[in-house]
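*Asks:* Dropping a structure here in structure tokens format, bear with me for questions.
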Amino acid sequence: ARDTGQLPPLFEVVWVDSESDPEKGIAEVRRLVDERGAKLILGAATSSEARALVEVLDDINVVCLSPSASTPGLTKRSKLFYRIYPSDQLEGHTAGKFMIDRLGATETVLFVGNHDYVAGIEPEFRRQYEGSLGGTVVATVDLESEGWDQKVSGVLKEYKPSAVYIVGYAEEILLAIRQLKADGFKGRIVTTSAFFTSQILKEAGEAAEGIFFPLPPFDRTAETEPVVSFVHRYMDTFERAPDVFAAHGYDAMKIAIQVFAIAIPPETPEINKALHFGVTDFMGVTGPILFDDHGDVKHYPKMFIVKDGQILGYRRYLDAERKRILRQVQNLLISEG
């Protein structure tokens, strides 16, 4: 935007690192407002920061736009809090439906990690999986309990699930996956978007193969704008492909630029109006962005799979599998004819 002259007059970006610490995050926001006159906060990257920040936004009188906080109900707690990342409720709903409709897994074992994170996903997963679709969670393994890893083998032998669902942070997911592999589990593993980090996927190695997880609708292989230009610029700058969090951070900044072009003067009431009524035709790299009455964006997650070390959309994976099977059949017919 700077190179093309699209930045609004006096637009300035000030960077601070809260280190994902809620108390430090609040202190930094207060400092930015008091000392630098900040008008819009792009942050609360984690849900724990966001939960703390929404309690003080009205007092500070500044709008916050989060690119990645996902705990349900955040936007209902302050009219000054917005986010472009889908609520965890939508992720739990998507996973539950996928396990029944696509995997045919009518019984599952649930692995749960960090309780704050799980609280946003598990209830909606159960509502969809058990309440709406008739599945059964036959057992729950608490990844925060002592000796949980010693219980997995017995649970698998007793219930013989065809698929399991792991809800937790990335490190917890990796531990659960490794334990399942060590205990010889051959079924399907479905987990959360927290698994999708370059570091965790690298650490998981072959253990990640075939694992399913939902992600917000960002497809870096899409051949349409604005995704193509974003991916090219990102790779030129950082020499790696952008992940879903980079995409949401990019969209958050683009929205901020558009808002400051609309909100005149750039004060809290005008910024609020601009987000609700001015951002109406914004097409981001994560899809069309339009805030509802609470400040949420309704982007339903899509399912992805790790295949040959690559992250593929589930539909794209199915298409590739169909083509592969068709080629095998054709080659067989040719060899026999």
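Please note that chains go A, B, ... in the order of the structure tokens, that every chain numbers its residues from 1, and that ligands are numbered from 1 in the order shown.
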Any idea what's packed within 12 Å of range 154-160 of chain A, counting only C-alpha atoms, ignoring anything in its chain fewer than 5 positions away? Could you give it as JSON, numbers by chain?
*Replies:* {"A": [105, 106, 107, 108, 109, 110, 111, 136, 137, 138, 139, 140, 141, 148, 149, 179, 180, 181, 182, 183, 184, 185, 186, 187, 188]}
*Asks:* Using 12 Å as the limit and counting only C-alpha atoms, can you tabulate each residue of range 268-296 of chain A that touches range 29-49 of chain A, with its shortest atom-to-atom distance in Å and the two atoms involved, as a tab-separated table?
*Replies:*
residue	atom	partner	partner_atom	distance
A:Thr268	CA	A:Lys39	CA	6.8
A:Pro269	CA	A:Lys39	CA	10.5
A:Glu270	CA	A:Lys39	CA	10.4
A:Ile271	CA	A:Leu40	CA	8.0
A:Asn272	CA	A:Leu40	CA	9.9
A:Ala274	CA	A:Leu40	CA	11.9
A:Leu275	CA	A:Leu40	CA	11.2
*Asks:* Please compute the CA of Pro288 in chain A-CA of His276 in chain A distance, one decimal, in Å.
*Replies:*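 Pair CA of Pro288 in chain A / CA of His276 in chain A returns 14.2 Å.
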*Asks:* Would you return as a list in words the members of range 23-92 of chain A that DSSP assigns to strand (DSSP E) on this structure's backbone?
*Replies:* Leu40, Ile41, Leu42, Val63, Cys64, Leu65, Ser66, Phe81, Tyr82 and Arg83 of chain A
*Asks:* Got time to write the residues from that selection, N, CA and C atoms, as an mmCIF file, in the first residue's frame?
*Replies:*
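Result went into again.cif, see below:
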data_model
loop_
_atom_site.group_PDB
_atom_site.id
_atom_site.type_symbol
_atom_site.label_atom_id
_atom_site.label_comp_id
_atom_site.auth_asym_id
_atom_site.auth_seq_id
_atom_site.Cartn_x
_atom_site.Cartn_y
_atom_site.Cartn_z
ATOM 1 N N LEU A 40 -6.419 2.469 16.644
ATOM 2 C CA LEU A 40 -6.908 1.117 16.324
ATOM 3 C C LEU A 40 -5.824 0.119 16.690
ATOM 4 N N ILE A 41 -6.211 -0.918 17.410
ATOM 5 C CA ILE A 41 -5.273 -1.963 17.809
ATOM 6 C C ILE A 41 -5.483 -3.192 16.931
ATOM 7 N N LEU A 42 -4.428 -3.619 16.253
ATOM 8 C CA LEU A 42 -4.456 -4.890 15.537
ATOM 9 C C LEU A 42 -3.723 -5.888 16.422
ATOM 10 N N VAL A 63 -10.715 0.787 19.553
ATOM 11 C CA VAL A 63 -11.193 -0.389 18.826
ATOM 12 C C VAL A 63 -10.052 -1.378 18.639
ATOM 13 N N CYS A 64 -10.372 -2.660 18.776
ATOM 14 C CA CYS A 64 -9.382 -3.715 18.575
ATOM 15 C C CYS A 64 -9.873 -4.663 17.487
ATOM 16 N N LEU A 65 -9.009 -4.969 16.536
ATOM 17 C CA LEU A 65 -9.290 -5.945 15.486
ATOM 18 C C LEU A 65 -8.280 -7.073 15.612
ATOM 19 N N SER A 66 -8.756 -8.261 15.980
ATOM 20 C CA SER A 66 -7.855 -9.405 16.156
ATOM 21 C C SER A 66 -7.794 -10.235 14.890
ATOM 22 N N PHE A 81 -14.645 -4.698 20.007
ATOM 23 C CA PHE A 81 -13.781 -5.821 19.633
ATOM 24 C C PHE A 81 -14.312 -6.497 18.370
ATOM 25 N N TYR A 82 -13.429 -6.661 17.393
ATOM 26 C CA TYR A 82 -13.747 -7.332 16.131
ATOM 27 C C TYR A 82 -12.688 -8.401 15.874
ATOM 28 N N ARG A 83 -13.042 -9.375 15.064
ATOM 29 C CA ARG A 83 -12.050 -10.366 14.649
ATOM 30 C C ARG A 83 -12.408 -10.898 13.266
#
*Asks:* Which residue, A:Val54, A:Ala204, A:Met283, A:Val227, has the smallest gap to Ala247 in chain A when you use only C-alpha atoms?
*Replies:*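 With only C-alpha atoms as the atom set, the closest residue is A:Val227.
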*Asks:* When you count only C-alpha atoms, which of these residues is closest to Ile200 in chain A: A:Leu215, A:Ala119, A:Leu333, A:Ile177?
*Replies:*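 Among the listed residues, the smallest separation from Ile200 in chain A belongs to A:Ile177.
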*Asks:* From the list A:Val112, A:Val231, A:Ile173, A:Val285, which residue is nearest Ala207 in chain A when using only C-alpha atoms?
*Replies:*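 Residue with the minimum atom-to-atom distance to Ala207 in chain A: A:Ile173.
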*Asks:* Rounded to one decimal place, report the CA of Arg240 in chain A-CA of Ser70 in chain A distance in Å.
*Replies:*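 It comes out at 25.0 Å.
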*Asks:* Considering only C-alpha atoms, return as number ranges by chain whatever protein or nucleic-acid residues lie within 6 Å of range 84-101 of chain A, sequence-local ones (same chain, fewer than 4 positions apart) excluded.
*Replies:* A: 67-68, 70-72, 105-106, 120-121, 124-125, 128-129, 297, 299
*Asks:* So which one's closest to Lys76 in chain A, A:Pro301, A:Gly295, A:Gly135, A:Gly313? Using only C-alpha atoms, please.
*Replies:*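 Of A:Pro301, A:Gly295, A:Gly135, A:Gly313, the one nearest Lys76 in chain A, counting only C-alpha atoms, is A:Gly295.
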*Asks:* I'd like the interatomic distance between CA of Ser132 in chain A and CA of Val118 in chain A, to a tenth of an Å.
*Replies:*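 Separating CA of Ser132 in chain A from CA of Val118 in chain A is a distance of 19.8 Å.
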*Asks:* Would you mind telling me which residue in A:Lys307, A:Tyr117, A:Glu171, A:Asp281 lies nearest to Ala320 in chain A when using only C-alpha atoms?
*Replies:* A:Lys307
*Asks:* Looking only at helix (DSSP H, G or I) from DSSP on the backbone, list the matching residues of range 72-238 of chain A as a VMD selection string.
*Replies:* chain A and resid 74 to 77 88 to 101 115 to 132 148 to 150 152 to 159 170 to 182 193 to 195 198 to 208 227 to 238
*Asks:* For the selection you just gave me, I'd like the residues written to a file as a compact mmCIF listing (two decimals), in the first residue's frame, keeping C-alpha atoms.
*Replies:*
# COMPACT_ATOMS: atom_id res chain seq x y z
CA LEU A 74 -15.45 -12.61 22.52
CA THR A 75 -17.21 -10.12 20.25
CA LYS A 76 -20.33 -10.18 22.42
CA ARG A 77 -18.39 -8.84 25.39
CA ASP A 88 -13.81 -22.15 17.57
CA GLN A 89 -17.48 -23.10 17.53
CA LEU A 90 -17.38 -23.27 13.74
CA GLU A 91 -14.27 -25.46 13.89
CA GLY A 92 -15.89 -27.94 16.28
CA HIS A 93 -19.01 -28.03 14.10
CA THR A 94 -16.96 -28.72 10.95
CA ALA A 95 -14.91 -31.50 12.56
CA GLY A 96 -17.98 -33.26 13.98
CA LYS A 97 -19.79 -33.22 10.65
CA PHE A 98 -16.69 -34.40 8.77
CA MET A 99 -16.14 -37.40 11.03
CA ILE A 100 -19.68 -38.67 10.50
CA ASP A 101 -20.35 -37.65 6.89
CA HIS A 115 -8.87 -26.73 29.08
CA ASP A 116 -9.36 -23.07 28.12
CA TYR A 117 -8.83 -23.90 24.46
CA VAL A 118 -10.92 -27.07 24.61
CA ALA A 119 -13.84 -25.16 26.16
CA GLY A 120 -14.31 -23.30 22.89
CA ILE A 121 -14.35 -26.37 20.64
CA GLU A 122 -15.57 -29.46 22.50
CA PRO A 123 -19.16 -28.33 23.28
CA GLU A 124 -19.96 -27.48 19.65
CA PHE A 125 -18.22 -30.65 18.45
CA ARG A 126 -20.39 -32.74 20.78
CA ARG A 127 -23.55 -30.86 19.77
CA GLN A 128 -22.89 -31.65 16.13
CA TYR A 129 -21.29 -35.09 16.41
CA GLU A 130 -23.51 -36.55 19.15
CA GLY A 131 -26.58 -34.32 19.28
CA SER A 132 -27.27 -33.73 15.59
CA TRP A 148 -2.52 -40.15 30.40
CA ASP A 149 -0.07 -41.73 27.94
CA GLN A 150 -0.18 -45.02 29.84
CA VAL A 152 -4.12 -44.85 25.64
CA SER A 153 -3.32 -48.45 24.75
CA GLY A 154 -6.07 -49.78 27.01
CA VAL A 155 -8.63 -47.30 25.66
CA LEU A 156 -7.84 -48.29 22.07
CA LYS A 157 -8.08 -51.99 22.81
CA GLU A 158 -11.38 -51.61 24.67
CA TYR A 159 -13.25 -49.39 22.20
CA ALA A 170 0.02 -27.85 18.86
CA GLU A 171 2.50 -29.42 21.29
CA GLU A 172 -0.28 -31.41 22.98
CA ILE A 173 -1.57 -32.63 19.63
CA LEU A 174 1.91 -33.79 18.66
CA LEU A 175 2.32 -35.73 21.92
CA ALA A 176 -1.06 -37.44 21.40
CA ILE A 177 -0.25 -38.34 17.79
CA ARG A 178 3.09 -39.84 18.77
CA GLN A 179 1.45 -41.88 21.53
CA LEU A 180 -1.25 -43.15 19.19
CA LYS A 181 1.39 -44.19 16.65
CA ALA A 182 3.46 -45.85 19.37
CA SER A 193 -6.22 -25.96 13.33
CA ALA A 194 -3.62 -25.50 16.10
CA PHE A 195 -1.72 -28.37 14.47
CA SER A 198 5.41 -25.19 10.19
CA GLN A 199 7.45 -26.15 13.25
CA ILE A 200 5.00 -28.79 14.50
CA LEU A 201 4.54 -30.30 11.06
CA LYS A 202 8.32 -30.51 10.72
CA GLU A 203 8.67 -32.13 14.14
CA ALA A 204 5.85 -34.58 13.43
CA GLY A 205 7.49 -35.78 10.22
CA GLU A 206 5.97 -39.00 8.91
CA ALA A 207 3.63 -39.18 11.92
CA ALA A 208 1.66 -36.29 10.41
CA VAL A 227 -4.21 -14.59 -3.28
CA VAL A 228 -1.69 -14.90 -6.12
CA SER A 229 -0.11 -11.47 -5.53
CA PHE A 230 -0.06 -11.95 -1.76
CA VAL A 231 1.64 -15.36 -1.94
CA HIS A 232 4.26 -14.12 -4.42
CA ARG A 233 5.11 -11.05 -2.33
CA TYR A 234 5.21 -13.07 0.87
CA MET A 235 7.52 -15.71 -0.58
CA ASP A 236 9.79 -13.06 -2.09
CA THR A 237 10.05 -11.37 1.31
CA PHE A 238 10.27 -14.30 3.71
*Asks:* Excluding range 8-18 of chain A and its own-chain neighbours fewer than 3 positions away, which residues fall within 9 Å of it when counting only C-alpha atoms? Please give them as a PyMOL selection string.
*Replies:* chain A and resi 5+21-28+32+36+38+44+49+257-258+260-261
*Asks:* Hey, which of A:Glu209, A:Asp58, A:Glu144, A:Glu19 ends up closest to Ile305 in chain A? Count only C-alpha atoms.
*Replies:*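 Smallest distance to Ile305 in chain A is found for A:Glu209.
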